[in-house]
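What follows is model-v3.cif (mmCIF, C-alpha atoms).
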data_data
#
loop_
_atom_site.label_atom_id
_atom_site.label_comp_id
_atom_site.auth_asym_id
_atom_site.auth_seq_id
_atom_site.Cartn_x
_atom_site.Cartn_y
_atom_site.Cartn_z
CA MET A 311 36.16 98.87 41.32
CA GLU A 312 39.10 97.24 43.08
CA ASN A 313 42.47 98.57 42.00
CA SER A 314 44.30 95.30 42.48
CA ILE A 315 43.74 91.63 42.90
CA ASP A 316 42.91 90.93 46.53
CA ASN A 317 45.55 88.56 47.90
CA LYS A 318 43.45 87.79 50.95
CA LEU A 319 40.48 86.88 48.76
CA ILE A 320 42.66 84.48 46.77
CA PHE A 321 43.93 82.83 49.95
CA GLN A 322 40.36 82.55 51.28
CA LYS A 323 39.11 80.89 48.10
CA GLU A 324 42.06 78.50 48.00
CA ASN A 325 41.66 77.62 51.70
CA LYS A 326 37.90 77.10 51.37
CA PHE A 327 38.22 74.79 48.37
CA THR A 328 41.15 72.93 49.96
CA LYS A 329 39.17 72.37 53.16
CA GLN A 330 36.23 71.04 51.14
CA ILE A 331 38.50 68.60 49.31
CA ILE A 332 40.25 67.43 52.50
CA SER A 333 36.90 66.98 54.28
CA SER A 334 35.58 64.90 51.38
CA ILE A 335 38.71 62.72 51.40
CA LEU A 336 38.42 62.13 55.15
CA ILE A 337 34.75 61.16 54.82
CA VAL A 338 35.55 58.71 52.01
CA LEU A 339 38.52 57.26 53.91
CA ILE A 340 36.54 56.39 57.05
CA PRO A 341 35.21 53.03 55.72
CA PHE A 342 38.65 52.16 54.34
CA ILE A 343 40.37 52.93 57.65
CA TYR A 344 37.86 50.66 59.35
CA LYS A 345 38.59 48.01 56.73
CA VAL A 346 42.34 48.24 57.38
CA PHE A 347 41.97 47.68 61.13
CA SER A 348 39.47 44.87 60.62
CA LYS A 349 41.83 43.09 58.19
CA MET A 350 44.77 43.49 60.59
CA LYS A 351 43.15 40.88 62.84
CA LEU A 352 43.21 38.41 59.94
CA ALA A 353 46.90 38.91 59.13
CA ASN A 354 48.93 35.80 59.85
CA ASN A 355 52.45 37.19 59.51
CA ASP A 356 54.53 40.33 59.03
CA MET A 357 54.38 40.01 55.25
CA GLU A 358 50.62 40.30 55.29
CA LEU A 359 50.77 43.35 57.58
CA VAL A 360 53.32 45.08 55.33
CA SER A 361 51.16 44.31 52.30
CA LEU A 362 48.09 45.67 54.06
CA PHE A 363 49.72 48.95 55.04
CA ALA A 364 51.25 49.31 51.55
CA GLU A 365 47.73 49.15 50.14
CA ALA A 366 46.36 51.57 52.75
CA PHE A 367 49.05 54.22 52.24
CA GLY A 368 48.81 53.78 48.48
CA LEU A 369 45.10 54.61 48.67
CA ILE A 370 45.65 57.63 50.94
CA PHE A 371 48.47 59.05 48.79
CA SER A 372 46.55 58.47 45.54
CA MET A 373 43.54 60.37 46.92
CA MET A 374 45.83 63.20 48.04
CA ALA A 375 47.30 63.26 44.53
CA CYS A 376 43.77 63.51 43.09
CA ALA A 377 43.06 66.41 45.43
CA SER A 378 46.29 68.16 44.40
CA PHE A 379 45.44 67.91 40.70
CA LEU A 380 41.85 69.01 41.32
CA ILE A 381 43.00 72.11 43.24
CA SER A 382 45.53 72.91 40.51
CA TYR A 383 42.85 72.51 37.82
CA LYS A 384 40.44 74.82 39.64
CA ARG A 385 43.15 77.46 39.84
CA LYS A 386 44.54 77.15 36.28
CA LYS A 387 41.55 75.78 34.32
CA ASN A 388 43.94 73.63 32.29
CA ASP A 389 42.21 70.74 30.47
CA ARG A 390 45.34 68.55 30.45
CA ILE A 391 45.60 68.76 34.25
CA PHE A 392 41.99 67.60 34.56
CA MET A 393 42.74 64.59 32.34
CA ILE A 394 45.69 63.60 34.57
CA PHE A 395 43.39 64.06 37.57
CA LEU A 396 41.11 61.45 35.98
CA VAL A 397 44.10 59.08 35.58
CA TYR A 398 44.79 59.19 39.32
CA LEU A 399 41.10 59.05 40.10
CA SER A 400 40.96 55.70 38.28
CA LEU A 401 43.93 54.55 40.40
CA SER A 402 42.17 55.55 43.62
CA MET A 403 38.96 53.83 42.56
CA SER A 404 40.83 50.64 41.64
CA VAL A 405 42.48 50.44 45.05
CA ALA A 406 39.20 51.36 46.76
CA PHE A 407 37.34 48.51 45.03
CA GLN A 408 40.14 46.20 46.09
CA PHE A 409 39.36 47.00 49.73
CA LEU A 410 35.58 46.98 49.46
CA SER A 411 35.40 43.71 47.51
CA CYS A 412 37.56 42.00 50.17
CA PHE A 413 39.97 41.05 47.40
CA ASN A 414 42.60 38.71 48.81
CA THR A 415 46.08 40.09 48.14
CA TYR A 416 48.00 37.78 50.44
CA GLU A 417 47.86 34.36 48.86
CA ASP A 418 49.48 35.20 45.54
CA GLY A 419 52.36 37.67 45.26
CA PHE A 420 51.79 38.10 41.53
CA GLN A 421 48.14 38.92 42.20
CA TYR A 422 49.00 41.83 44.51
CA TYR A 423 50.84 43.73 41.81
CA ASN A 424 48.47 43.34 38.90
CA TYR A 425 45.18 44.46 40.45
CA ASP A 426 45.31 48.12 39.41
CA VAL A 427 47.24 47.38 36.20
CA VAL A 428 44.69 44.88 34.90
CA SER A 429 41.56 46.79 35.94
CA SER A 430 42.49 50.25 34.64
CA TRP A 431 45.41 49.99 32.18
CA SER A 432 43.31 50.72 29.08
CA LEU A 433 41.61 53.68 30.75
CA LYS A 434 44.97 55.23 31.70
CA LEU A 435 46.19 54.66 28.14
CA VAL A 436 43.25 56.56 26.63
CA LEU A 437 43.27 59.40 29.18
CA ILE A 438 47.00 60.11 28.77
CA ILE A 439 46.65 60.14 24.96
CA ILE A 440 43.71 62.58 25.25
CA ALA A 441 45.67 64.73 27.71
CA LEU A 442 48.59 65.04 25.26
CA SER A 443 46.38 65.82 22.26
CA LYS A 444 46.03 69.50 21.34
CA SER A 445 42.27 69.37 20.91
CA SER A 446 39.68 66.68 20.24
CA LYS A 447 35.96 66.10 20.44
CA ILE A 448 36.44 63.51 23.19
CA LYS A 449 38.40 65.98 25.32
CA SER A 450 35.72 68.63 24.83
CA ILE A 451 32.99 66.18 25.82
CA ILE A 452 34.88 65.17 28.97
CA ILE A 453 35.67 68.77 30.01
CA ASN A 454 32.09 69.93 29.37
CA ASN A 455 30.67 67.00 31.34
CA LYS A 456 33.08 66.70 34.27
CA PHE A 457 30.74 65.06 36.79
CA LYS A 458 29.40 62.66 34.17
CA SER A 459 32.99 61.78 33.23
CA ILE A 460 33.85 61.00 36.85
CA PHE A 461 30.72 58.84 37.14
CA ALA A 462 31.63 57.08 33.88
CA ILE A 463 35.08 56.23 35.29
CA PHE A 464 33.40 54.85 38.41
CA ILE A 465 31.19 52.60 36.28
CA TYR A 466 34.16 51.54 34.13
CA ILE A 467 36.29 50.52 37.13
CA LEU A 468 33.32 48.71 38.68
CA MET A 469 32.60 46.75 35.49
CA SER A 470 36.28 46.03 34.71
CA THR A 471 36.78 44.72 38.26
CA TYR A 472 33.86 42.32 37.83
CA ILE A 473 34.99 41.22 34.33
CA CYS A 474 38.59 40.66 35.41
CA GLU A 475 37.52 38.58 38.38
CA TYR A 476 35.02 36.59 36.29
CA PHE A 477 37.60 35.71 33.60
CA ASN A 478 40.48 35.29 36.13
CA LEU A 479 42.54 37.98 34.39
CA TYR A 480 44.23 38.90 37.67
CA THR A 481 46.16 35.64 37.57
CA ASN A 482 46.78 35.65 33.80
CA GLU A 483 50.48 36.41 33.52
CA ASN A 484 50.46 36.86 29.73
CA PHE A 485 47.67 39.42 29.91
CA PHE A 486 49.47 41.17 32.77
CA LYS A 487 52.67 41.42 30.70
CA PHE A 488 50.72 42.82 27.74
CA ALA A 489 49.03 45.45 29.93
CA ASN A 490 52.36 46.41 31.51
CA MET A 491 54.06 46.75 28.13
CA CYS A 492 51.29 49.11 26.97
CA LEU A 493 51.71 51.16 30.16
CA ILE A 494 55.50 51.33 29.76
CA ILE A 495 55.06 52.75 26.26
CA ILE A 496 52.36 55.29 27.19
CA TYR A 497 54.18 56.41 30.37
CA PHE A 498 57.37 56.98 28.37
CA ILE A 499 55.45 58.90 25.70
CA GLY A 500 53.73 60.89 28.47
CA ASN A 501 57.12 61.67 30.03
CA LEU A 502 58.50 63.09 26.77
CA GLY A 503 55.20 64.72 25.79
CA PHE A 504 54.73 66.69 29.01
CA LEU A 505 58.43 67.58 29.09
CA TYR A 506 58.03 69.10 25.61
CA LEU A 507 54.85 70.93 26.64
CA GLY A 508 56.56 72.24 29.77
CA ILE A 509 59.42 73.70 27.74
CA LYS A 510 57.11 75.04 25.03
CA GLU A 511 54.43 76.59 27.27
CA LYS A 512 56.72 77.30 30.26
CA GLU A 513 54.27 75.58 32.57
CA TYR A 514 55.86 74.27 35.77
CA LEU A 515 53.16 71.68 36.47
CA TYR A 516 53.90 69.95 33.15
CA PHE A 517 57.45 69.30 34.36
CA THR A 518 55.98 67.75 37.51
CA ILE A 519 53.72 65.47 35.44
CA SER A 520 56.70 64.55 33.22
CA SER A 521 58.68 63.55 36.31
CA ILE A 522 55.78 61.43 37.53
CA MET A 523 55.52 59.66 34.17
CA PHE A 524 59.25 58.93 34.28
CA ILE A 525 58.98 57.38 37.77
CA LEU A 526 55.98 55.30 36.67
CA THR A 527 57.93 54.12 33.62
CA ILE A 528 60.77 52.91 35.86
CA LYS A 529 58.29 51.28 38.26
CA THR A 530 56.45 49.42 35.49
CA LEU A 531 59.71 48.31 33.88
CA TYR A 532 60.87 46.95 37.22
CA VAL A 533 57.66 44.94 37.69
CA PHE A 534 57.73 43.68 34.08
CA PHE A 535 61.26 42.27 34.31
CA ASN A 536 61.11 41.07 37.95
CA LEU A 537 57.93 39.02 38.26
CA ASN A 538 59.70 36.02 39.80
CA ILE A 539 61.73 37.70 42.55
CA SER A 540 60.81 37.71 46.24
CA GLN A 541 57.39 39.24 46.91
CA MET A 542 58.79 41.29 49.80
CA TYR A 543 61.54 42.90 47.66
CA GLN A 544 59.15 43.54 44.80
CA MET A 545 56.58 45.13 47.09
CA ILE A 546 59.15 47.39 48.79
CA ILE A 547 60.61 48.65 45.50
CA THR A 548 57.31 49.18 43.67
CA SER A 549 55.61 50.74 46.70
CA SER A 550 58.55 53.10 47.22
CA LEU A 551 58.49 54.20 43.57
CA GLY A 552 54.72 54.62 43.73
CA TYR A 553 54.93 56.74 46.88
CA LEU A 554 57.72 58.82 45.29
CA ALA A 555 55.49 59.56 42.29
CA LEU A 556 52.55 60.52 44.51
CA LEU A 557 54.69 62.72 46.77
CA THR A 558 56.10 64.39 43.66
CA ILE A 559 52.55 65.34 42.68
CA ILE A 560 51.74 66.78 46.10
CA SER A 561 55.00 68.73 46.45
CA GLY A 562 54.83 69.91 42.82
CA SER A 563 51.30 71.26 43.33
CA PHE A 564 52.45 73.10 46.45
CA VAL A 565 55.40 74.69 44.62
CA GLU A 566 53.06 75.65 41.77
CA LEU A 567 50.75 77.35 44.29
CA VAL A 568 53.66 79.37 45.70
CA MET A 569 54.64 80.41 42.17
CA TYR A 570 51.03 81.39 41.43
CA ILE A 571 50.85 83.60 44.53
CA SER A 572 54.16 85.21 43.57
CA LYS A 573 52.80 86.00 40.08
CA VAL A 574 49.68 87.57 41.61
CA LYS A 575 51.81 89.80 43.84
CA ASN A 576 53.91 90.94 40.86
CA LEU A 577 50.74 91.60 38.89
CA ASN A 578 49.39 93.72 41.74
CA LYS A 579 52.55 95.83 41.72
CA ASN A 580 52.20 96.46 37.97
CA LEU A 581 48.50 97.25 38.34
CA LYS A 582 49.21 99.80 41.07
CA VAL A 583 51.67 101.58 38.78
CA PHE A 584 49.07 101.65 36.00
CA TYR A 585 46.29 102.91 38.28
CA ASN A 586 48.49 105.61 39.78
CA LEU A 587 49.46 106.90 36.32
CA SER A 588 45.88 106.88 35.00
CA ASP A 589 44.19 108.29 38.11
CA ASN A 590 46.70 111.11 38.46
CA SER A 591 46.44 112.10 34.81
CA LYS A 592 44.63 115.45 34.45
CA HIS A 593 44.44 115.46 30.65
CA SER A 594 43.39 111.91 29.68
CA PHE A 595 40.02 110.17 29.84
CA LEU A 596 40.42 106.41 30.25
CA LEU A 597 37.63 103.81 30.04
CA ILE A 598 38.18 100.05 29.74
CA CYS A 599 35.29 97.71 28.82
CA ASN A 600 35.00 94.01 28.09
CA LYS A 601 33.49 92.47 24.95
CA LYS A 602 30.00 92.78 26.41
CA GLY A 603 30.39 96.50 26.93
CA GLU A 604 30.62 96.20 30.71
CA VAL A 605 32.88 98.76 32.37
CA LEU A 606 36.00 97.23 33.88
CA TYR A 607 37.84 100.42 34.77
CA ALA A 608 37.43 104.19 34.52
CA ASN A 609 39.98 106.70 35.76
CA ASP A 610 39.10 109.63 38.01
CA LYS A 611 39.12 112.13 35.10
CA PHE A 612 36.43 110.10 33.31
CA LYS A 613 34.34 109.57 36.48
CA ASN A 614 34.31 113.28 37.37
CA ASN A 615 33.07 114.27 33.92
#

Rewrite the structure of this file - the entire thing - as structure tokens.
Amino acid sequence: MENSIDNKLIFQKENKFTKQIISSILIVLIPFIYKVFSKMKLANNDMELVSLFAEAFGLIFSMMACASFLISYKRKKNDRIFMIFLVYLSLSMSVAFQFLSCFNTYEDGFQYYNYDVVSSWSLKLVLIIIALSKSSKIKSIIINNKFKSIFAIFIYILMSTYICEYFNLYTNENFFKFANMCLIIIYFIGNLGFLYLGIKEKEYLYFTISSIMFILTIKTLYVFFNLNISQMYQMIITSSLGYLALLTIISGSFVELVMYISKVKNLNKNLKVFYNLSDNSKHSFLLICNKKGEVLYANDKFKNN
């Protein structure tokens, strides 16, 4: 049996999973990158080009945020982190459908800002509430059926996109205001909720999620109260706040990884002290088993007898 947790093995597992995630993102992004360059030829002015690249970078950053949460979930096995991963997955899918459906975001400034809000606001609302709940049957069903849950979100975004286009909800200002007000409330609740959980459970990643929720609250408030200002100014401010939230996720996940590695190293030091004391003991027999009766550790005195 190994006397300590293998740091190299941890790095190898993290690197392997990270490479798999990055490779998957690059494969998925290929058609969208092609779409960006093909739409560049259709742009008539600088405003359209800025809008196009804002969409493109928003998609890239949102997928990177999804990857960061997925890596963190695999490492920590925290159900709340998986729920927030689903929130950003819905964001990525909304933006992706915007590209693939050739949705025109240039003609109407109001239309550009309500695409994701209108198509996925109710889904975000439900997922954040489930993430904050201590335990529920819905959360258990989602966690126990992860791939089915991801597929269900895909179907939801697909259907909501079709319904919103069919009923012209993307240009319905009253509906947009209602959806934004709901998001402002749930983002603010999420900010306070994850801040409380971070303090209570001393979990760094919860503080990161709380910060993200706060930035999203400010962003949504800005859009709600500034619908009639210049499209260029609105796009710059909202895109900047959106990028800030996404970069906070990525940097927060990286810091959490560094803290995790540091904890493993400290644990190894404590384990080495324990193993040295038990193996060098000439008068004590020590055997550690799990609930199934499988041997986890036996000191040298026990092995030799």

Distance of CA of Phe392 in chain A from CA of Phe461 in chain A, expressed in Å to one decimal place =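 Between CA of Phe461 in chain A and CA of Phe392 in chain A the gap is 14.5 Å.
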
Could you pull the residues within 7 Å of range 440-449 of chain A, counting all atoms listed in the file, minus those fewer than 3 positions along the same chain, as an mmCIF file with C-alpha atoms, in the coordinates of the input?
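Output (out08.cif):
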data_model
loop_
_atom_site.group_PDB
_atom_site.id
_atom_site.type_symbol
_atom_site.label_atom_id
_atom_site.label_comp_id
_atom_site.auth_asym_id
_atom_site.auth_seq_id
_atom_site.Cartn_x
_atom_site.Cartn_y
_atom_site.Cartn_z
ATOM 1 C CA ARG A 390 45.340 68.550 30.450
ATOM 2 C CA MET A 393 42.740 64.590 32.340
ATOM 3 C CA ILE A 394 45.690 63.600 34.570
ATOM 4 C CA VAL A 436 43.250 56.560 26.630
ATOM 5 C CA LEU A 437 43.270 59.400 29.180
ATOM 6 C CA ILE A 452 34.880 65.170 28.970
ATOM 7 C CA ILE A 453 35.670 68.770 30.010
ATOM 8 C CA GLY A 503 55.200 64.720 25.790
#

In terms of the shortest atom-to-atom distance over only C-alpha atoms, which of A:Phe524, A:Tyr514, A:Tyr543, A:Phe371 is closest to Tyr497 in chain A?
->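 Looking only at the distances to Tyr497 in chain A, the closest residue turns out to be A:Phe524.
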
What lies within 10 Å of Phe504 in chain A using only C-alpha atoms, ignoring chain neighbours under 2 positions off, as an mmCIF file with C-alpha atoms, in the coordinates of the input?
data_model
loop_
_atom_site.group_PDB
_atom_site.id
_atom_site.type_symbol
_atom_site.label_atom_id
_atom_site.label_comp_id
_atom_site.auth_asym_id
_atom_site.auth_seq_id
_atom_site.Cartn_x
_atom_site.Cartn_y
_atom_site.Cartn_z
ATOM 1 C CA ARG A 390 45.340 68.550 30.450
ATOM 2 C CA ALA A 441 45.670 64.730 27.710
ATOM 3 C CA LEU A 442 48.590 65.040 25.260
ATOM 4 C CA ILE A 499 55.450 58.900 25.700
ATOM 5 C CA GLY A 500 53.730 60.890 28.470
ATOM 6 C CA ASN A 501 57.120 61.670 30.030
ATOM 7 C CA LEU A 502 58.500 63.090 26.770
ATOM 8 C CA TYR A 506 58.030 69.100 25.610
ATOM 9 C CA LEU A 507 54.850 70.930 26.640
ATOM 10 C CA GLY A 508 56.560 72.240 29.770
ATOM 11 C CA ILE A 509 59.420 73.700 27.740
ATOM 12 C CA LYS A 510 57.110 75.040 25.030
ATOM 13 C CA GLU A 513 54.270 75.580 32.570
ATOM 14 C CA LEU A 515 53.160 71.680 36.470
ATOM 15 C CA TYR A 516 53.900 69.950 33.150
ATOM 16 C CA PHE A 517 57.450 69.300 34.360
ATOM 17 C CA THR A 518 55.980 67.750 37.510
ATOM 18 C CA ILE A 519 53.720 65.470 35.440
ATOM 19 C CA SER A 520 56.700 64.550 33.220
ATOM 20 C CA SER A 521 58.680 63.550 36.310
ATOM 21 C CA MET A 523 55.520 59.660 34.170
#

For range 544-560 of chain A: contacts at 8 Å, only C-alpha atoms, fewer than 2 positions along chain excluded, given as number ranges by chain = A: 361, 364, 368, 371-372, 374-375, 378-379, 423, 518-519, 521-522, 525-526, 529, 532-533, 536, 539-542, 562-564

Write to file, as a short mmCIF file (atom, residue, chain, number, x, y, z; two decimals), in the frame of the given file, the residues of the selection just made, with C-alpha atoms.
data_model
loop_
_atom_site.label_atom_id
_atom_site.label_comp_id
_atom_site.auth_asym_id
_atom_site.auth_seq_id
_atom_site.Cartn_x
_atom_site.Cartn_y
_atom_site.Cartn_z
CA SER A 361 51.16 44.31 52.30
CA ALA A 364 51.25 49.31 51.55
CA GLY A 368 48.81 53.78 48.48
CA PHE A 371 48.47 59.05 48.79
CA SER A 372 46.55 58.47 45.54
CA MET A 374 45.83 63.20 48.04
CA ALA A 375 47.30 63.26 44.53
CA SER A 378 46.29 68.16 44.40
CA PHE A 379 45.44 67.91 40.70
CA TYR A 423 50.84 43.73 41.81
CA THR A 518 55.98 67.75 37.51
CA ILE A 519 53.72 65.47 35.44
CA SER A 521 58.68 63.55 36.31
CA ILE A 522 55.78 61.43 37.53
CA ILE A 525 58.98 57.38 37.77
CA LEU A 526 55.98 55.30 36.67
CA LYS A 529 58.29 51.28 38.26
CA TYR A 532 60.87 46.95 37.22
CA VAL A 533 57.66 44.94 37.69
CA ASN A 536 61.11 41.07 37.95
CA ILE A 539 61.73 37.70 42.55
CA SER A 540 60.81 37.71 46.24
CA GLN A 541 57.39 39.24 46.91
CA MET A 542 58.79 41.29 49.80
CA GLY A 562 54.83 69.91 42.82
CA SER A 563 51.30 71.26 43.33
CA PHE A 564 52.45 73.10 46.45
#

Name the closest residue to Asn484 in chain A among the candidates A:Val428, A:Leu468, A:Ala366, A:Ile463; distances are taken between atoms, counting only C-alpha atoms.
->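 The answer is A:Val428, which sits nearest to Asn484 in chain A.
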
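The gap separating CA of Ala377 in chain A from CA of Tyr398 in chain A is 9.6 Å, in Å to one decimal.
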
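Taking CA of Asn454 in chain A as the reference point, CA of Asn388 in chain A is found at 12.8 Å.
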
Given the file above and the PyMOL selection byres ((chain A and resi 608) around 6), which residues are selected, and can you give them as a list of chain:residue names?
->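 Here the PyMOL selection byres ((chain A and resi 608) around 6) matches A:Leu596, A:Leu597, A:Tyr607, A:Asn609.
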
Saved selection, atoms kept: C-alpha atoms, as an mmCIF file, in the frame of the given file:
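What ended up in out.cif:
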data_model
loop_
_atom_site.group_PDB
_atom_site.id
_atom_site.type_symbol
_atom_site.label_atom_id
_atom_site.label_comp_id
_atom_site.auth_asym_id
_atom_site.auth_seq_id
_atom_site.Cartn_x
_atom_site.Cartn_y
_atom_site.Cartn_z
ATOM 1 C CA LEU A 596 40.420 106.410 30.250
ATOM 2 C CA LEU A 597 37.630 103.810 30.040
ATOM 3 C CA TYR A 607 37.840 100.420 34.770
ATOM 4 C CA ASN A 609 39.980 106.700 35.760
#

For Ser402 in chain A, which residue out of A:Asp610, A:Ser572, A:Ile467, A:Phe595 is the nearest one, using only C-alpha atoms?
->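 Comparing A:Asp610, A:Ser572, A:Ile467, A:Phe595 against Ser402 in chain A, the winner is A:Ile467.
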
Using all atoms listed in the file, which residues sit within 9 Å of Thr527 in chain A once same-chain residues fewer than 6 positions away are excluded, as JSON, numbers by chain?
-> {"A": [493, 494, 495, 496, 497, 498, 501]}

So that I have them on file, write out the residues from the current selection with C-alpha atoms, as a PDB file, keeping the file's coordinate frame.
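This went into result.pdb:
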ATOM      1  CA  LEU A 493      51.710  51.160  30.160  1.00  0.00           C
ATOM      2  CA  ILE A 494      55.500  51.330  29.760  1.00  0.00           C
ATOM      3  CA  ILE A 495      55.060  52.750  26.260  1.00  0.00           C
ATOM      4  CA  ILE A 496      52.360  55.290  27.190  1.00  0.00           C
ATOM      5  CA  TYR A 497      54.180  56.410  30.370  1.00  0.00           C
ATOM      6  CA  PHE A 498      57.370  56.980  28.370  1.00  0.00           C
ATOM      7  CA  ASN A 501      57.120  61.670  30.030  1.00  0.00           C
TER       8      ASN A 501
END

Residue with smallest distance to Met403 in chain A - pool A:Thr471, A:Thr530, A:Ser382, A:Asn478, counting all atoms listed in the file |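 Answer, going by the shortest atom-to-atom distance: A:Thr471.
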
Counting all atoms listed in the file, figure out which residue out of A:Ser470, A:Ser404, A:Asn578, A:Ser334 gets nearest to Glu365 in chain A.
->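 Closest residue, counting all atoms listed in the file: A:Ser404.
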